[in-house]
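> One structure coming up, written as structure tokens, with questions to follow.
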Amino acid sequence: MPVFRCSACPRLISLSIIPGGNPAAQDTDVWAENWRRCDACKNLFCERCAPPGEEHCSCGGTLREPDDETRMRMYFPVYESLEDLPPVLSRPPTKEARLGKLEELWEKGIYGKGEYETFKYIIEAS
Ligand SMILES: [Zn+2]
Ligand SMILES: [Zn+2]
């Protein structure tokens, strides 16, 4: 079960696609009860950091309830273009800077070999 983290606090976000959520994720101090994702920066926010009345992320993007397709894409990520890459890799302004960041994260062991090669291919084609 992939687990994500709120971008603004330490609460965990369970990506359960089963209605009713992950039965193991009952402690609401640890686990978000609800969450939304910014359509621009792709950051996730729990319902405490982004209360229901709040429509926009601090980056200016719109906060959206994840639909099944979004959840599936997070569950089984598909990387096809620069926009699909993690912001830390898509944000640097030049291809060289993006490749440099990728190498840095790769050396730290952040990515598996498959991810590294996919990301490298996409950045080189960008
Ligand atoms: Zn939060
Ligand atoms: Zn945002």
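Quick note on naming: the chains in the structure tokens go A, B, ... in the order shown, residues restart at 1 in each chain, and ligands are numbered from 1 in order of appearance.
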So that I can see what lies close to Glu80 in chain A, please list as a compact mmCIF listing (two decimals) with C-alpha atoms, in the first residue's frame the residues with an atom at most 9 Å from it, counting only C-alpha atoms and leaving out residues fewer than 4 positions away in the same chain.

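So part31.txt came out as:
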```txt
# COMPACT_ATOMS: atom_id res chain seq x y z
CA ASP A 84 4.88 13.76 -14.93
CA LEU A 85 8.21 13.91 -13.13
CA THR A 118 12.98 6.54 -17.12
CA ILE A 122 12.49 11.99 -20.28
```
> Hey, what's within 7 Å of range 36-45 of chain A if we count only C-alpha atoms and toss same-chain stuff fewer than 2 positions away? As a list of chain:residue names, please?
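Within the cut-off, the hits are A:Cys6, A:Ser7, A:Ala8, A:Glu47, A:Cys49, A:Ala50, A:Cys57, A:Gly61, A:Thr62, A:Leu63, A:Arg64, A:Glu65, A:Pro66, A:Pro87.
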> Store the residues picked out above in a file with C-alpha atoms, as a PDB file, in the first residue's frame.

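Written output follows (again-v5.pdb):
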```
ATOM      1  CA  CYS A   6       0.989  15.754   3.601  1.00  0.00           C
ATOM      2  CA  SER A   7       3.154  18.487   2.079  1.00  0.00           C
ATOM      3  CA  ALA A   8       2.531  20.847   4.985  1.00  0.00           C
ATOM      4  CA  GLU A  47      -7.855  18.214   5.463  1.00  0.00           C
ATOM      5  CA  CYS A  49      -3.720  21.943   6.241  1.00  0.00           C
ATOM      6  CA  ALA A  50      -6.238  22.568   3.461  1.00  0.00           C
ATOM      7  CA  CYS A  57      -2.788  25.928  -3.016  1.00  0.00           C
ATOM      8  CA  GLY A  61      -3.020  25.876  -8.317  1.00  0.00           C
ATOM      9  CA  THR A  62      -6.428  24.392  -7.549  1.00  0.00           C
ATOM     10  CA  LEU A  63      -6.877  21.782  -4.832  1.00  0.00           C
ATOM     11  CA  ARG A  64      -8.800  18.783  -6.124  1.00  0.00           C
ATOM     12  CA  GLU A  65     -10.340  15.715  -4.582  1.00  0.00           C
ATOM     13  CA  PRO A  66      -8.482  12.762  -6.036  1.00  0.00           C
ATOM     14  CA  PRO A  87       8.565  18.646  -9.088  1.00  0.00           C
TER      15      PRO A  87
END
```
> Do a neighbour search on Leu12 in chain A at 9 Å with only C-alpha atoms, toss out local chain neighbours closer than 2 positions, and write the hits as a list in words.
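Residues near the query, excluding close chain neighbours: Val3, Phe4, Arg5, Cys6, Cys9, Pro10, Ser14, Ala25, Val30, Trp31, Ala32 and Cys46 of chain A.
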> Here is a test: counting only C-alpha atoms and all ligand atoms, which residue of A:Arg11, A:His56, A:Arg91, A:Arg73 is nearest to ligand 1?
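Of A:Arg11, A:His56, A:Arg91, A:Arg73, the one nearest ligand 1, counting only C-alpha atoms and all ligand atoms, is A:Arg11.
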> Could you check the closest approach to ligand 1 for each of A:Glu33, A:Asp27, A:Glu115, A:Glu103 and tell me which residue wins, using only C-alpha atoms and all ligand atoms?
A:Glu33
> Please give the complete set of residues from range 59-110 of chain A that DSSP, run on the backbone, assigns to alpha helix (DSSP H), formatted as a list in words.
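The alpha helix (DSSP H) residues within range 59-110 of chain A come out as Asp68, Glu69, Thr70, Arg71, Met72, Arg73, Met74, Tyr75, Pro87, Val88, Leu89, Ser90, Lys95, Glu96, Ala97, Arg98, Leu99, Gly100, Lys101, Leu102, Glu103, Glu104, Leu105, Trp106 and Glu107 of chain A.
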> Could the residues in this selection be written to a file with C-alpha atoms, as a compact mmCIF listing (two decimals), in the first residue's frame?

```txt
# COMPACT_ATOMS: atom_id res chain seq x y z
CA ASP A 68 -10.06 7.12 -9.13
CA GLU A 69 -7.91 7.90 -12.14
CA THR A 70 -5.67 10.19 -10.08
CA ARG A 71 -5.34 7.53 -7.40
CA MET A 72 -4.52 4.85 -9.94
CA ARG A 73 -1.90 7.08 -11.53
CA MET A 74 -0.31 7.68 -8.14
CA TYR A 75 -0.52 3.97 -7.40
CA PRO A 87 8.56 18.65 -9.09
CA VAL A 88 12.10 18.47 -7.74
CA LEU A 89 13.15 17.22 -11.20
CA SER A 90 10.78 19.15 -13.46
CA LYS A 95 18.05 20.44 -18.91
CA GLU A 96 21.54 20.44 -17.39
CA ALA A 97 20.18 21.51 -14.01
CA ARG A 98 17.50 18.79 -14.17
CA LEU A 99 20.05 16.12 -15.05
CA GLY A 100 22.32 17.36 -12.26
CA LYS A 101 19.50 17.09 -9.74
CA LEU A 102 18.64 13.61 -10.97
CA GLU A 103 22.26 12.48 -10.59
CA GLU A 104 22.36 13.96 -7.09
CA LEU A 105 19.18 12.14 -6.01
CA TRP A 106 20.30 8.93 -7.70
CA GLU A 107 23.57 9.00 -5.76
```
